[in-house]
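The next block holds one structure in the form of structure tokens; read it before the comments.
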Amino acid sequence: MKKILVFRLSAMGDVALTVPVLRSVLESDPDLHITLVTKQFFAPFFFGIPRLKLYFPKLDGKHQGFRGLVRLYRDLKKYGPFEQVVDLHAVLRTYVVTTLFRLSGTPVFTINKGRGEKNRLIRTKKIRFLKHSMQRYVDVFEKAGILTSIGKAPYIDYSTEAFQNARSYLLGKIPEKGMLKIGLSPFANTEPKIWGLDNFKQLISLINAQHKAVFFLFGGGEKEIRLLKQLEEHAENIHLIAGKFTLSEEIAMIRMLDLMIAMDSSNMHLASLSGIRTLSIWGGTHPAFGFSAIGQPAEYHIQPPEGILSCRPCSVFGGKPCIHPTLKCMELIKAEDVYKRLADLNVLTPKAKSGE
């Protein structure tokens, strides 16, 4: 039996992108066992993956600070011995712990995030598509001598109980058979990546005028849920998912959708990793950085018209404040344009029936 220790603590979308990689790595070697160090909230992502154990560090408790990280190293050693350590995160916390493993004689392999390439793209604005984050994860395992290939979505699974709860809820909200089930995820972790609720209201109205659909709102956090409740009141066929269900149940619901419309966000990744048609809307950030929705055609990534804004993309993760009084990049994306793209792509139709 070969045991490997893997680190990826955050962020939500980045952790989700490890799922297809870990699953394929384990499938490639039946003698391999992996312990993944991550946050407990993300546990549902890894449901049903054989020979994968999850370890949840207490970063706000006994594993806090430098001494806490030394304690984390000692605690993890008890789960070993590990033949290799794979760092898919490459932040200060993981550097400290992996250095201790390296000093103890355990080989360590660390992700190359391509920071130089990304900063150069920001500086020059010369767009070329960089390696996707998921491929960067694969590269680390290949450096460790583990060759693997990623299969097709869906990658994320869920429990029978989560499926039954999700199915029961969704079916109760669909008044007519064959109605289009559309997920909407209007928020992201930074303002330059948010299109705005008024735009979503207009888009919903355009879809409702021509199609029979039911909309389900995804998101998280008290502020987002409060705003989503206002959006829910826009039409009778809009239903709030956020804050009502477990993460596993939300994953099951996403799997039952015909279409997800999202920002550059974790829900975009969850939908695409679930094999759902995912249309994403991009403002200050850009799919070229390697965070595009996996398995989705290029035309499913909606962006402002090229050549109008010399400031875009303004940052890798959307954390840089906009230099304009308003978000010009998002203002250039009109609800009518998004609807036309949906119609042109012929995605405003229910997906073919599956075993679900």
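How things are named: the first chain in the structure tokens is A, the next is B, and so on; residues count from 1 in each chain; ligands count from 1 in the order shown.
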Non-local contacts of stretch 221-223 of chain A (8 Å; only C-alpha atoms; under 3 positions in same chain excluded) as number ranges by chain: A: 226-227, 243
Those of stretch 131-195 of chain A in DSSP strand (DSSP E or B), formatted as a list in words: Leu180, Lys181, Ile182, Gly183, Leu184 and Ser185 of chain A
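Using only C-alpha atoms for every distance, the candidate list A:His324, A:Lys53, A:Lys181, A:Arg167 yields A:His324 as the residue closest to A:Ser310.
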Residue neighbourhood A:Phe289, 12 Å, only C-alpha atoms, exclusion window fewer than 2 positions, as number ranges by chain: A: 113-122, 125-134, 136, 264, 282, 284-287, 291-293, 313-318
Expected file contents, prior selection, C-alpha atoms, as an mmCIF file, in the first residue's frame:
```cif
data_model
loop_
_atom_site.group_PDB
_atom_site.id
_atom_site.type_symbol
_atom_site.label_atom_id
_atom_site.label_comp_id
_atom_site.auth_asym_id
_atom_site.auth_seq_id
_atom_site.Cartn_x
_atom_site.Cartn_y
_atom_site.Cartn_z
ATOM 1 C CA LYS A 113 0.741 28.346 -10.103
ATOM 2 C CA GLY A 114 2.219 30.268 -13.023
ATOM 3 C CA ARG A 115 2.205 33.543 -11.122
ATOM 4 C CA GLY A 116 4.723 35.118 -13.490
ATOM 5 C CA GLU A 117 2.656 34.269 -16.566
ATOM 6 C CA LYS A 118 -0.506 35.599 -14.964
ATOM 7 C CA ASN A 119 1.119 38.843 -13.843
ATOM 8 C CA ARG A 120 2.563 39.313 -17.326
ATOM 9 C CA LEU A 121 -0.891 38.856 -18.836
ATOM 10 C CA ILE A 122 -2.279 41.488 -16.450
ATOM 11 C CA LYS A 125 -3.199 42.668 -21.686
ATOM 12 C CA LYS A 126 -2.018 40.328 -24.447
ATOM 13 C CA ILE A 127 -4.440 37.465 -24.020
ATOM 14 C CA ARG A 128 -3.187 33.926 -24.391
ATOM 15 C CA PHE A 129 -4.801 31.034 -22.604
ATOM 16 C CA LEU A 130 -2.642 29.714 -19.799
ATOM 17 C CA LYS A 131 -2.680 26.216 -18.397
ATOM 18 C CA HIS A 132 -5.897 25.391 -16.534
ATOM 19 C CA SER A 133 -5.686 25.007 -12.749
ATOM 20 C CA MET A 134 -6.891 21.416 -13.002
ATOM 21 C CA ARG A 136 -1.608 22.210 -12.961
ATOM 22 C CA ASP A 264 -16.650 33.378 -12.308
ATOM 23 C CA TRP A 282 -16.909 37.433 -16.853
ATOM 24 C CA GLY A 284 -12.715 42.029 -14.327
ATOM 25 C CA THR A 285 -11.256 38.535 -14.584
ATOM 26 C CA HIS A 286 -10.676 36.380 -17.659
ATOM 27 C CA PRO A 287 -10.990 32.658 -18.509
ATOM 28 C CA PHE A 291 -10.086 29.197 -14.182
ATOM 29 C CA SER A 292 -12.597 28.626 -16.974
ATOM 30 C CA ALA A 293 -15.551 26.276 -16.548
ATOM 31 C CA PRO A 313 -8.460 41.993 -17.320
ATOM 32 C CA CYS A 314 -7.590 44.008 -14.237
ATOM 33 C CA SER A 315 -6.644 41.170 -11.860
ATOM 34 C CA VAL A 316 -6.271 37.407 -11.652
ATOM 35 C CA PHE A 317 -8.849 36.810 -8.925
ATOM 36 C CA GLY A 318 -10.972 39.975 -9.172
#
```
Name the residues in contact with A:Glu191 at a cut-off of 10 Å, using only C-alpha atoms, excluding same-chain residues fewer than 6 positions from it; report them as a compact mmCIF listing (two decimals) with C-alpha atoms, in the first residue's frame.
```
# COMPACT_ATOMS: atom_id res chain seq x y z
CA GLY A 283 -16.01 41.00 -15.92
CA GLY A 284 -12.72 42.03 -14.33
CA GLY A 318 -10.97 39.97 -9.17
CA GLY A 319 -9.60 41.49 -5.98
CA LYS A 320 -8.42 44.76 -7.50
CA PRO A 321 -10.92 47.66 -7.26
CA CYS A 322 -12.25 48.96 -10.56
CA LEU A 327 -18.02 48.46 -13.38
```
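Here the question is which of A:Ile238, A:Leu76, A:Leu342, A:Ala335 gets nearest to A:Gly196 using only C-alpha atoms, and that residue is A:Ala335.
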Between stretch 70-186 of chain A and stretch 41-47 of chain A, at 7 Å or less, what are the per-residue closest atom pairs and their distances in Å? Count only C-alpha atoms, order by chain and rising residue number, and return it as JSON lines.
```
{"residue": "A:Ile156", "atom": "CA", "partner": "A:Phe45", "partner_atom": "CA", "distance": 6.0}
{"residue": "A:Asp157", "atom": "CA", "partner": "A:Phe47", "partner_atom": "CA", "distance": 5.9}
{"residue": "A:Tyr158", "atom": "CA", "partner": "A:Phe47", "partner_atom": "CA", "distance": 6.0}
```
Write a file of the just-selected residues containing N, CA and C atoms, as a compact mmCIF listing (two decimals), in the first residue's frame.
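Wrote part_27.txt, looks like this:
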```
# COMPACT_ATOMS: atom_id res chain seq x y z
N ILE A 156 -18.36 14.86 -9.57
CA ILE A 156 -18.78 14.96 -8.18
C ILE A 156 -20.03 14.12 -7.95
N ASP A 157 -20.00 13.32 -6.91
CA ASP A 157 -21.11 12.43 -6.59
C ASP A 157 -21.83 12.94 -5.34
N TYR A 158 -22.89 12.24 -4.94
CA TYR A 158 -23.67 12.65 -3.78
C TYR A 158 -24.37 11.43 -3.20
```
Close residues, A:Leu22 itself excluded, 12 Å, only C-alpha atoms, min 3 positions apart in chain, as a ChimeraX atom specification: /A:4-8,15-19,25-29,32-36,45-54,86,88,134-135,137-138,140-141,146-151,155-156
d(atom CA of A:Ile302, atom CA of A:Thr278) in Å: 10.8 Å
Per-residue DSSP, stretch 77-296 of chain A, filtered to helix (DSSP H, G or I), as a ChimeraX atom specification: /A:77,92-103,115-124,133-143,160-172,191-193,197-210,222-232,247-255,266-273,287-289
Nearby residues (only C-alpha atoms) at most 10 Å from A:Ile308, same-chain spacing under 6 positions excluded, as a ChimeraX atom specification: /A:328-329,332
Nearby residues (only C-alpha atoms) at most 7 Å from A:Gly220, same-chain spacing under 3 positions excluded, as a list in words: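 Contacts, with the query itself left out: Glu224, Ile225, Ala242 and Gly243 of chain A.
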Using only N, CA and C atoms, please write the residues we just selected to a file, as a CSV table (one decimal), in the first residue's frame.
```csv
chain,number,residue,atom,x,y,z
A,224,GLU,N,-25.8,37.8,0.8
A,224,GLU,CA,-26.2,37.2,-0.5
A,224,GLU,C,-27.7,36.7,-0.4
A,225,ILE,N,-27.9,35.9,0.6
A,225,ILE,CA,-29.3,35.3,0.8
A,225,ILE,C,-30.3,36.4,0.9
A,242,ALA,N,-30.3,28.8,-1.8
A,242,ALA,CA,-29.3,29.2,-0.9
A,242,ALA,C,-29.7,29.3,0.6
A,243,GLY,N,-29.0,28.6,1.5
A,243,GLY,CA,-29.3,28.7,2.9
A,243,GLY,C,-30.3,27.7,3.4
```
One-decimal distance in Å that lies between atom CA of A:Lys58 and atom CA of A:Tyr73: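 Going from atom CA of A:Tyr73 over to atom CA of A:Lys58 covers 12.2 Å.
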Minimum-distance residue to A:Ala298, chosen among A:Leu345, A:Leu103, A:Ile251, A:Ala144 (using only C-alpha atoms):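 Using only C-alpha atoms, A:Ala298 sits closest to A:Leu345.
Using only C-alpha atoms, the shortest contact distance between A:Leu270 and any of A:Gly178, A:Pro20, A:Met1, A:Arg312 is found at A:Pro20.
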